[in-house]
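Student: Quick one, start16.txt (compact mmCIF, C-alpha atoms):
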```
# COMPACT_ATOMS: atom_id res chain seq x y z
CA MET A 1 76.94 151.89 119.69
CA ILE A 2 76.25 150.09 116.42
CA LEU A 3 78.61 150.73 113.53
CA GLU A 4 77.45 149.76 110.07
CA ILE A 5 79.48 150.03 106.87
CA VAL A 6 77.63 149.49 103.61
CA THR A 7 79.02 149.52 100.07
CA PRO A 8 77.51 148.71 96.67
CA TYR A 9 79.16 145.30 97.02
CA GLY A 10 77.33 144.56 100.23
CA SER A 11 77.55 145.17 103.91
CA ILE A 12 81.14 145.16 105.16
CA LEU A 13 80.56 145.50 108.83
CA SER A 14 77.78 145.61 111.37
CA GLU A 15 79.05 145.52 114.88
CA ASP A 16 78.58 146.83 118.38
CA VAL A 17 81.59 149.06 119.02
CA ASP A 18 82.86 151.36 121.78
CA GLU A 19 84.34 154.19 119.75
CA VAL A 20 84.86 155.24 116.13
CA VAL A 21 87.39 157.60 114.56
CA ALA A 22 86.99 158.47 110.90
CA SER A 23 88.32 161.04 108.45
CA GLY A 24 85.63 163.36 107.19
CA THR A 25 86.08 165.94 104.46
CA GLU A 26 86.39 168.58 107.18
CA GLY A 27 88.91 166.61 109.20
CA GLU A 28 89.11 163.68 111.49
CA PHE A 29 86.33 163.13 113.96
CA GLY A 30 85.60 160.75 116.78
CA VAL A 31 82.27 159.31 117.77
CA LEU A 32 81.47 158.01 121.23
CA PRO A 33 78.17 156.67 122.46
CA GLY A 34 75.73 159.50 123.05
CA HIS A 35 77.08 161.60 120.21
CA VAL A 36 74.78 164.29 118.87
CA SER A 37 73.09 163.55 115.51
CA PHE A 38 75.65 164.28 112.88
CA VAL A 39 76.03 164.02 109.11
CA THR A 40 79.20 164.31 107.08
CA THR A 41 80.98 163.20 103.96
CA LEU A 42 84.10 161.05 104.10
CA ASN A 43 87.39 161.22 102.26
CA ILE A 44 89.57 158.36 101.20
CA GLY A 45 90.88 157.38 104.57
CA MET A 46 91.11 155.14 107.56
CA LEU A 47 88.30 154.33 109.91
CA ILE A 48 89.33 153.07 113.32
CA TYR A 49 86.91 151.48 115.70
CA LYS A 50 87.54 150.29 119.22
CA LYS A 51 85.92 147.27 120.67
CA GLY A 52 86.81 145.63 123.95
CA GLY A 53 90.07 147.57 124.21
CA ARG A 54 91.25 146.56 120.75
CA ASN A 55 91.62 148.75 117.69
CA TYR A 56 90.31 147.67 114.32
CA TYR A 57 91.13 149.38 111.04
CA VAL A 58 89.01 149.76 107.93
CA PHE A 59 89.93 151.34 104.63
CA ILE A 60 87.21 153.69 103.37
CA ASN A 61 87.07 154.90 99.79
CA SER A 62 85.13 158.15 100.17
CA GLY A 63 81.52 158.20 101.15
CA TYR A 64 79.01 159.44 103.63
CA ALA A 65 78.51 158.95 107.34
CA GLU A 66 75.69 159.70 109.70
CA VAL A 67 75.25 159.29 113.40
CA ILE A 68 71.72 158.99 114.68
CA SER A 69 70.93 157.98 118.25
CA ASP A 70 73.92 155.71 118.84
CA ASN A 71 73.85 154.24 115.36
CA MET A 72 76.62 155.10 113.00
CA MET A 73 76.02 154.41 109.35
CA VAL A 74 78.75 154.64 106.75
CA LEU A 75 78.00 154.51 103.02
CA ALA A 76 81.23 154.08 101.08
CA ASP A 77 82.11 153.56 97.41
CA SER A 78 84.17 150.68 98.67
CA ALA A 79 85.59 149.60 102.00
CA GLU A 80 87.89 146.88 103.21
CA ARG A 81 88.78 145.65 106.64
CA SER A 82 92.52 145.66 107.24
CA GLU A 83 92.70 141.87 107.05
CA ASP A 84 90.96 141.83 103.67
CA ILE A 85 93.35 144.27 102.03
CA ASP A 86 95.52 142.84 99.30
CA ILE A 87 98.69 144.73 100.13
CA GLU A 88 100.63 143.46 97.12
CA ARG A 89 97.95 144.76 94.81
CA ALA A 90 97.94 148.10 96.59
CA ARG A 91 101.71 148.38 96.23
CA GLU A 92 101.43 147.66 92.52
CA ALA A 93 98.67 150.25 92.17
CA MET A 94 100.89 152.76 93.93
CA LYS A 95 103.76 152.04 91.57
CA ARG A 96 101.48 152.39 88.55
CA ALA A 97 100.11 155.68 89.80
CA GLU A 98 103.56 157.06 90.47
CA GLU A 99 104.72 156.08 87.02
CA ARG A 100 101.78 157.86 85.51
CA PHE A 101 102.88 161.02 87.25
CA LYS A 102 106.40 160.66 85.87
CA LYS A 103 105.28 160.22 82.28
CA GLU A 104 103.16 163.35 82.48
CA GLU A 105 101.73 163.13 78.97
CA ASP A 106 98.05 163.98 78.93
CA LEU A 107 97.68 163.09 82.54
CA ASP A 108 94.28 162.96 84.16
CA PHE A 109 95.63 164.58 87.27
CA THR A 110 92.76 164.14 89.69
CA ARG A 111 92.22 160.56 88.65
CA SER A 112 95.86 159.62 89.12
CA GLN A 113 95.96 161.49 92.36
CA THR A 114 93.00 159.71 93.87
CA ALA A 115 94.34 156.39 92.65
CA LEU A 116 97.61 157.13 94.40
CA GLN A 117 95.80 158.26 97.51
CA ARG A 118 93.77 155.09 97.60
CA ALA A 119 96.82 152.90 97.22
CA ILE A 120 98.77 154.71 99.93
CA MET A 121 95.84 154.62 102.31
CA ARG A 122 95.29 150.91 101.73
CA ILE A 123 98.92 150.21 102.53
CA GLN A 124 98.75 152.39 105.63
CA VAL A 125 95.65 150.64 106.91
CA ALA A 126 97.12 147.22 106.30
CA GLU A 127 100.43 148.11 107.93
CA LYS A 128 98.81 149.76 110.91
CA ALA A 129 96.83 146.61 111.60
CA SER A 130 99.81 144.29 111.22
CA SER A 131 102.09 146.39 113.44
CA ARG A 132 99.63 146.07 116.29
CA MET B 133 64.83 108.61 50.62
CA PRO B 134 68.03 110.01 52.14
CA ASN B 135 70.63 107.36 52.69
CA LEU B 136 71.44 105.89 56.06
CA ARG B 137 74.81 107.47 56.64
CA ASP B 138 73.49 110.96 55.95
CA ILE B 139 70.79 110.59 58.56
CA LYS B 140 73.24 109.18 61.04
CA ASN B 141 75.57 112.12 60.56
CA ARG B 142 72.70 114.51 60.93
CA ILE B 143 71.62 112.90 64.20
CA GLN B 144 75.13 113.18 65.56
CA ALA B 145 75.33 116.84 64.55
CA VAL B 146 72.04 117.68 66.21
CA LYS B 147 73.06 115.80 69.33
CA ASN B 148 76.28 117.80 69.51
CA THR B 149 74.37 121.04 69.20
CA GLY B 150 72.13 119.85 72.00
CA LYS B 151 75.14 119.24 74.19
CA ILE B 152 76.38 122.76 73.56
CA THR B 153 73.04 124.41 74.27
CA LYS B 154 72.66 122.34 77.42
CA ALA B 155 76.08 123.42 78.63
CA MET B 156 75.27 127.04 77.81
CA LYS B 157 72.08 126.77 79.78
CA MET B 158 73.94 125.57 82.82
CA VAL B 159 76.55 128.30 82.49
CA ALA B 160 73.78 130.88 82.20
CA ALA B 161 72.12 129.47 85.31
CA ALA B 162 75.32 129.81 87.30
CA LYS B 163 75.86 133.36 86.06
CA LEU B 164 72.27 134.23 86.81
CA ARG B 165 72.71 133.13 90.41
CA LYS B 166 75.79 135.33 90.70
CA ALA B 167 74.04 138.33 89.20
CA GLN B 168 71.05 137.89 91.47
CA ASP B 169 73.38 137.70 94.42
CA ALA B 170 75.05 140.96 93.44
CA MET B 171 71.62 142.54 93.06
CA MET B 172 70.73 141.56 96.60
CA ARG B 173 73.97 142.98 97.93
CA VAL B 174 73.50 146.41 96.42
CA ARG B 175 70.02 146.74 97.85
CA PRO B 176 70.85 147.93 101.40
CA TYR B 177 73.19 150.56 99.98
CA SER B 178 70.76 151.93 97.45
CA ASN B 179 67.83 151.89 99.89
CA LYS B 180 69.87 153.77 102.46
CA MET B 181 71.06 156.26 99.88
CA ARG B 182 67.52 156.90 98.82
CA SER B 183 66.23 157.52 102.30
CA ILE B 184 69.14 159.87 103.04
CA LEU B 185 68.50 161.86 99.90
CA THR B 186 64.81 162.03 100.68
CA GLY B 187 65.66 163.56 104.01
CA LEU B 188 68.24 165.94 102.64
CA SER B 189 66.49 167.21 99.55
CA SER B 190 63.13 167.87 101.15
CA GLY B 191 64.44 171.02 102.79
CA VAL B 192 66.27 172.62 99.89
CA GLU B 193 65.29 174.60 96.86
CA ARG B 194 65.50 172.62 93.67
CA GLU B 195 66.80 175.50 91.59
CA LEU B 196 70.02 175.61 93.57
CA HIS B 197 71.21 172.24 92.41
CA PRO B 198 72.28 171.68 88.83
CA LEU B 199 71.15 168.07 88.93
CA LEU B 200 67.74 168.91 90.35
CA ALA B 201 66.95 171.95 88.25
CA VAL B 202 64.40 171.39 85.52
CA ARG B 203 65.32 173.00 82.21
CA PRO B 204 63.13 173.33 79.15
CA ARG B 205 63.46 170.12 77.19
CA ARG B 206 65.40 170.47 73.97
CA THR B 207 67.92 167.69 73.72
CA VAL B 208 66.97 164.37 75.23
CA GLU B 209 69.59 161.79 75.99
CA VAL B 210 68.56 158.15 75.71
CA ILE B 211 70.83 155.53 77.20
CA VAL B 212 70.17 152.12 75.67
CA MET B 213 71.44 149.21 77.72
CA THR B 214 71.81 145.82 76.06
CA GLY B 215 74.12 142.87 76.48
CA ASP B 216 77.42 142.30 74.72
CA LYS B 217 76.42 138.86 73.47
CA GLY B 218 73.55 137.28 71.63
CA LEU B 219 71.98 133.83 71.96
CA CYS B 220 69.57 135.04 74.58
CA GLY B 221 66.24 135.04 72.78
CA ALA B 222 64.58 138.38 72.24
CA PHE B 223 66.43 140.05 75.08
CA ASN B 224 68.45 142.53 73.01
CA ALA B 225 65.83 142.92 70.31
CA ASN B 226 63.18 143.94 72.83
CA ILE B 227 65.33 146.68 74.26
CA ILE B 228 66.32 148.02 70.88
CA LYS B 229 62.74 147.94 69.64
CA GLU B 230 61.48 149.86 72.65
CA ALA B 231 64.33 152.35 72.49
CA SER B 232 63.83 153.00 68.78
CA LYS B 233 60.14 153.57 69.34
CA PHE B 234 60.90 156.02 72.12
CA VAL B 235 63.53 157.83 70.06
CA ASN B 236 61.24 158.10 67.04
CA GLY B 237 58.47 159.43 69.25
CA LEU B 238 60.75 162.13 70.63
CA THR B 239 62.06 163.06 67.21
CA SER B 240 58.57 163.43 65.78
CA GLU B 241 57.70 165.72 68.68
CA GLY B 242 60.54 167.95 67.59
CA PHE B 243 63.16 167.18 70.22
CA THR B 244 66.75 166.49 69.46
CA VAL B 245 67.78 163.05 70.61
CA SER B 246 71.28 162.07 71.53
CA LEU B 247 72.16 158.44 72.15
CA THR B 248 74.44 156.59 74.48
CA THR B 249 74.72 152.85 74.14
CA ILE B 250 75.83 150.33 76.69
CA GLY B 251 76.60 146.87 75.37
CA ARG B 252 77.89 145.75 72.00
CA LYS B 253 74.48 144.76 70.62
CA ALA B 254 73.05 148.26 70.88
CA SER B 255 76.12 149.94 69.47
CA ASP B 256 76.20 147.49 66.54
CA TYR B 257 72.54 148.12 65.81
CA PHE B 258 72.85 151.88 65.61
CA ARG B 259 76.13 151.77 63.75
CA ARG B 260 74.66 149.53 61.07
CA ARG B 261 71.87 152.04 60.58
CA HIS B 262 74.29 154.96 60.54
CA ILE B 263 72.65 156.57 63.53
CA LYS B 264 75.16 158.65 65.40
CA THR B 265 75.70 157.87 69.04
CA ARG B 266 77.21 160.30 71.48
CA LYS B 267 79.02 157.64 73.43
CA SER B 268 79.27 153.85 73.25
CA TRP B 269 80.27 151.65 76.14
CA THR B 270 81.09 148.03 75.54
CA GLY B 271 82.62 145.32 77.64
CA LEU B 272 80.91 146.35 80.86
CA SER B 273 79.14 143.01 81.17
CA GLY B 274 80.74 139.97 82.68
CA LYS B 275 82.01 141.08 86.03
CA ILE B 276 80.09 144.22 86.77
CA VAL B 277 82.09 146.66 88.81
CA TYR B 278 80.90 149.81 90.46
CA THR B 279 83.69 151.91 88.98
CA ASN B 280 82.31 151.25 85.49
CA ALA B 281 78.92 152.53 86.56
CA GLN B 282 80.73 155.55 87.98
CA LYS B 283 82.42 156.22 84.65
CA VAL B 284 79.14 156.08 82.76
CA ALA B 285 77.44 158.28 85.34
CA ARG B 286 80.21 160.86 85.36
CA GLU B 287 80.16 161.16 81.59
CA VAL B 288 76.41 161.71 81.53
CA ILE B 289 76.49 164.14 84.44
CA ASP B 290 79.22 166.18 82.78
CA ALA B 291 77.24 166.41 79.56
CA TYR B 292 74.18 167.40 81.56
CA ALA B 293 76.02 170.00 83.56
CA ALA B 294 77.45 171.43 80.32
CA GLU B 295 73.83 171.73 79.13
CA ASP B 296 74.52 169.56 76.08
CA ILE B 297 71.56 167.48 77.16
CA ASP B 298 68.50 168.52 79.11
CA GLU B 299 67.01 165.21 80.10
CA VAL B 300 68.36 161.71 80.46
CA PHE B 301 66.45 158.47 80.12
CA LEU B 302 67.75 154.99 80.63
CA VAL B 303 66.18 152.04 78.80
CA TYR B 304 67.08 148.65 80.19
CA ASN B 305 65.72 145.20 80.95
CA GLU B 306 64.42 144.84 84.43
CA PHE B 307 64.76 141.44 86.02
CA LYS B 308 61.30 140.38 87.17
CA SER B 309 61.77 136.66 87.41
CA VAL B 310 63.58 133.95 85.51
CA MET B 311 60.72 133.77 83.04
CA MET B 312 60.00 137.48 82.87
CA GLN B 313 62.08 140.41 81.81
CA ASN B 314 60.53 143.81 81.60
CA VAL B 315 61.74 146.56 79.33
CA THR B 316 61.88 149.59 81.59
CA LYS B 317 62.45 153.25 80.98
CA VAL B 318 63.59 155.46 83.84
CA LYS B 319 64.40 159.13 83.99
CA LEU B 320 67.84 159.71 85.43
CA LEU B 321 68.14 163.47 85.06
CA PRO B 322 66.93 165.89 86.19
CA ILE B 323 66.50 163.99 89.41
CA GLU B 324 62.85 163.62 90.28
CA PRO B 325 61.79 164.68 93.74
CA PHE B 326 62.27 161.87 96.21
CA GLU B 327 59.14 160.59 97.76
CA GLU B 328 58.92 159.82 101.40
CA ASP B 329 58.93 156.08 101.75
CA GLY B 330 57.36 155.61 105.14
CA GLU B 331 60.66 155.50 106.97
CA ASN B 332 60.38 158.66 108.98
CA ARG B 333 63.57 160.57 109.24
CA ALA B 334 64.47 162.97 111.98
CA MET B 335 66.62 164.97 109.62
CA VAL B 336 63.84 167.23 108.50
CA THR B 337 63.17 168.39 112.02
CA GLY B 338 66.64 169.89 112.33
CA ASP B 339 68.79 169.21 115.39
CA PHE B 340 71.47 167.89 113.09
CA ILE B 341 75.06 168.89 112.64
CA PHE B 342 76.02 169.02 108.99
CA GLU B 343 79.66 168.99 108.11
CA PRO B 344 80.16 170.43 105.52
CA SER B 345 76.86 172.21 104.86
CA GLU B 346 73.67 170.42 103.96
CA LYS B 347 74.00 171.69 100.43
CA GLU B 348 77.56 170.44 100.03
CA ILE B 349 76.58 166.99 101.21
CA LEU B 350 73.66 166.91 98.84
CA ASN B 351 75.96 167.98 96.02
CA ARG B 352 78.20 165.05 96.72
CA LEU B 353 75.45 162.51 97.13
CA LEU B 354 73.31 163.37 94.12
CA PRO B 355 75.85 162.09 91.56
CA LYS B 356 76.24 158.97 93.69
CA ASN B 357 72.54 158.38 93.31
CA ILE B 358 72.93 158.38 89.52
CA GLU B 359 75.87 156.03 89.81
CA ILE B 360 73.97 153.61 91.95
CA GLN B 361 70.98 153.69 89.61
CA ILE B 362 73.20 152.85 86.67
CA TYR B 363 74.99 150.18 88.66
CA ARG B 364 71.70 148.63 89.64
CA ALA B 365 70.45 148.75 86.07
CA LEU B 366 73.66 147.04 84.91
CA LEU B 367 73.12 144.27 87.42
CA GLU B 368 69.44 143.91 86.60
CA SER B 369 70.19 143.82 82.91
CA GLN B 370 72.87 141.22 83.46
CA ALA B 371 70.54 139.04 85.49
CA ALA B 372 67.77 139.46 82.93
CA GLU B 373 70.15 138.59 80.11
CA GLU B 374 71.32 135.41 81.77
CA ALA B 375 67.74 134.47 82.58
CA ALA B 376 66.72 135.07 78.97
CA ARG B 377 69.69 133.04 77.78
CA MET B 378 68.78 130.23 80.12
CA THR B 379 65.25 130.07 78.78
CA ALA B 380 66.40 130.34 75.19
CA MET B 381 68.95 127.58 75.64
CA GLU B 382 66.46 125.38 77.38
CA ASN B 383 64.10 125.73 74.43
CA ALA B 384 66.94 125.04 72.04
CA THR B 385 67.86 121.88 73.93
CA LYS B 386 64.25 120.77 73.85
CA ASN B 387 64.14 121.38 70.10
CA THR B 388 67.27 119.35 69.47
CA ASN B 389 65.79 116.47 71.43
CA GLU B 390 62.64 116.59 69.35
CA LEU B 391 64.67 116.72 66.18
CA VAL B 392 66.78 113.76 67.27
CA GLU B 393 63.63 111.75 67.90
CA LYS B 394 62.25 112.62 64.50
CA LEU B 395 65.51 111.80 62.78
CA THR B 396 65.89 108.53 64.65
CA LEU B 397 62.46 107.49 63.44
CA GLN B 398 63.45 108.38 59.91
CA TYR B 399 66.69 106.48 60.33
CA ASN B 400 64.91 103.36 61.55
CA LYS B 401 62.43 103.52 58.74
CA ALA B 402 65.21 103.83 56.22
CA ARG B 403 67.09 100.98 57.85
CA GLN B 404 64.05 98.75 57.75
CA ALA B 405 63.38 99.60 54.14
CA ALA B 406 66.96 98.71 53.31
CA ILE B 407 66.69 95.38 55.10
CA THR B 408 63.45 94.57 53.34
CA THR B 409 64.90 95.25 49.91
CA GLU B 410 67.95 93.17 50.76
CA LEU B 411 65.76 90.30 51.90
CA MET B 412 63.70 90.54 48.76
CA ASP B 413 66.89 90.36 46.73
CA ILE B 414 68.08 87.28 48.59
CA VAL B 415 64.75 85.56 48.34
CA GLY B 416 64.52 86.46 44.68
CA GLY B 417 68.04 85.10 44.10
CA ALA B 418 67.32 81.86 45.94
CA GLU B 419 64.18 81.33 43.93
CA ALA B 420 66.12 81.87 40.73
CA ILE B 421 68.71 79.25 41.69
CA LYS B 422 66.02 76.69 42.59
CA GLN B 423 64.43 76.89 39.19
```
Rewrite the structure from the file as structure tokens, please.

Tutor:
Amino acid sequence: MILEIVTPYGSILSEDVDEVVASGTEGEFGVLPGHVSFVTTLNIGMLIYKKGGRNYYVFINSGYAEVISDNMMVLADSAERSEDIDIERAREAMKRAEERFKKEEDLDFTRSQTALQRAIMRIQVAEKASSR
Amino acid sequence: MPNLRDIKNRIQAVKNTGKITKAMKMVAAAKLRKAQDAMMRVRPYSNKMRSILTGLSSGVERELHPLLAVRPRRTVEVIVMTGDKGLCGAFNANIIKEASKFVNGLTSEGFTVSLTTIGRKASDYFRRRHIKTRKSWTGLSGKIVYTNAQKVAREVIDAYAAEDIDEVFLVYNEFKSVMMQNVTKVKLLPIEPFEEDGENRAMVTGDFIFEPSEKEILNRLLPKNIEIQIYRALLESQAAEEAARMTAMENATKNTNELVEKLTLQYNKARQAAITTELMDIVGGAEAIKQ
């Protein structure tokens, strides 16, 4: 099964994989070879793919996914493989977002929330990969 | 006849200018390569997005989607995209000229025009003429990031959804080649029907699981399409600007070289004239002593 991840900054991944687990807007879903044609939107979340018995982790910043005849295509606003994540930067972003919540003066709630979500998810993806 | 030192100073000044323009040309060339690279990288994403939307929107009724619905045209939004900096030939002027023509045309037809500017040059132009703009974005050039395009897109989409504006056009410089930039006008909203582009998609035939519904997915992807169009335009404009700057700086360098040649000739002539007069003086003096 071919997994392809494309962002406006270029193609992140194009690989032959055994299994994919991703977080759609309606919940997590898994894709194995022979999956029925399927279209969904993705949340900020973690995409896990298995290849040769190993797990790989990718951070996905919301997007779209489709599965057509053993090809899985992911279009994301941005995406990073676990090894490309700058964990220090993510931690700083998390701190900034949390501080914004504390200050509370004319807070753009959804914006701060998604920023926080992104930061937390990045850290999770990076930690998951390093704890392997 | 100007004196020798003046000409010499002048030559040095022109040479220095030449050095600067030459350096600027090389910087522009490097930036152009980067911008072109970014343009190439966005292509798979935007092509894919387009083909998905073609598949999705062919089955649905246009009236159901706020971004697809066609309203009677009253207020037309024109987004003018220029650079933040000058020294790039007619790059900014061309855009502004075309945009003004378009705006004047619309006004004379009786439509209300509202303006959004991207880039300092456009915002300066309209401010100097006391033309009100709805929104001005500056500082997006340099490193072009997708989130900036998202911000611009969201602002426009919100205004459109609030029915403040009924149509949105984007005027920008398309990058054709290093020597050619094309002023282009595209309609962003309402979204035109997507045309099938050969790539046959199974989606239309059904047999697909949509999660959430087809409509929901389309609702989420349509704004993304605007974002990507703006992002692409930003990149194109950036590439076109650097290309224009490169050409302009190359011409400027050429001109300084010509000027240096001309001035050197003048300098030599003046030097020779000075030597001749000096010689005449000496000869004259020697003759006087002899007698």

Student: Counting only C-alpha atoms, what is within 10 Å of A:Tyr9, bar same-chain residues fewer than 5 positions away, as a compact mmCIF listing (two decimals) with C-alpha atoms, keeping the file's coordinate frame?

Tutor:
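Saved result, selection.txt, follows:
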```txt
# COMPACT_ATOMS: atom_id res chain seq x y z
CA ALA A 76 81.23 154.08 101.08
CA ASP A 77 82.11 153.56 97.41
CA SER A 78 84.17 150.68 98.67
CA ALA A 79 85.59 149.60 102.00
CA ASP B 169 73.38 137.70 94.42
CA ALA B 170 75.05 140.96 93.44
CA MET B 171 71.62 142.54 93.06
CA MET B 172 70.73 141.56 96.60
CA ARG B 173 73.97 142.98 97.93
CA VAL B 174 73.50 146.41 96.42
CA ARG B 175 70.02 146.74 97.85
CA PRO B 176 70.85 147.93 101.40
CA TYR B 177 73.19 150.56 99.98
CA VAL B 277 82.09 146.66 88.81
CA TYR B 278 80.90 149.81 90.46
```

Student: Please, which residues of chain B lie no more than 12 Å from chain A when the count uses only C-alpha atoms, and can they be set out as a PyMOL selection string?

Tutor: chain B and resi 167+169-182+184-185+187-188+276-279+281-283+333-335+337-357+359-364+367

Student: I'd like the contact shell of B:Glu295 - 12 Å cut-off, only C-alpha atoms, skipping same-chain residues fewer than 5 positions apart - returned as a count of residues only.

Tutor: 17

Student: For atom CA of B:Lys154 and atom CA of B:Ser273, quote the distance in Å rounded to one decimal.

Tutor: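 Atom CA of B:Ser273 lies 22.0 Å from atom CA of B:Lys154.
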
Student: Which one of A:Gly53, A:Thr110, A:Asp70, A:Ala115 sits closest to A:Glu92 if you count all atoms listed in the file?

Tutor: A:Ala115

Student: I'd like the contact shell of A:Lys50 - 10 Å cut-off, only C-alpha atoms, skipping same-chain residues fewer than 5 positions apart - returned as a ChimeraX atom specification.

Tutor: /A:16-21,55-57

Student: Limited to C-alpha atoms, could you put the picked residues into a file as a PDB file, in the frame of the given file?

Tutor:
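The result, written out as result.pdb:
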```pdb
ATOM      1  CA  ASP A  16      78.580 146.830 118.380  1.00  0.00           C
ATOM      2  CA  VAL A  17      81.590 149.060 119.020  1.00  0.00           C
ATOM      3  CA  ASP A  18      82.860 151.360 121.780  1.00  0.00           C
ATOM      4  CA  GLU A  19      84.340 154.190 119.750  1.00  0.00           C
ATOM      5  CA  VAL A  20      84.860 155.240 116.130  1.00  0.00           C
ATOM      6  CA  VAL A  21      87.390 157.600 114.560  1.00  0.00           C
ATOM      7  CA  ASN A  55      91.620 148.750 117.690  1.00  0.00           C
ATOM      8  CA  TYR A  56      90.310 147.670 114.320  1.00  0.00           C
ATOM      9  CA  TYR A  57      91.130 149.380 111.040  1.00  0.00           C
TER      10      TYR A  57
END
```

Student: So which residues touch B:Lys140 within 9 Å, counting all atoms listed in the file, skipping near sequence neighbours fewer than 5 positions away, as a list in words?

Tutor: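 The neighbour list is Asn135, Ala145, Leu395, Thr396 and Tyr399 of chain B.
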
Student: Using all atoms listed in the file for the distances, tell me which of A:Ala126, A:Val31, A:Leu13, A:Ile120 is nearest to A:Ala97.

Tutor: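 Residue with the minimum atom-to-atom distance to A:Ala97: A:Ile120.
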
Student: Taking 6 positions as the minimum chain separation for residues in the same chain, which residues sit within 12 Å of stretch 128-131 of chain A when counting all atoms listed in the file? Answer as a list of chain:residue names.

Tutor: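 Everything that qualifies: A:Met46, A:Leu47, A:Ile48, A:Tyr49, A:Arg54, A:Asn55, A:Tyr56, A:Tyr57, A:Val58, A:Phe59, A:Arg81, A:Ser82, A:Glu83, A:Asp84, A:Ile85, A:Ile87, A:Met121, A:Arg122.
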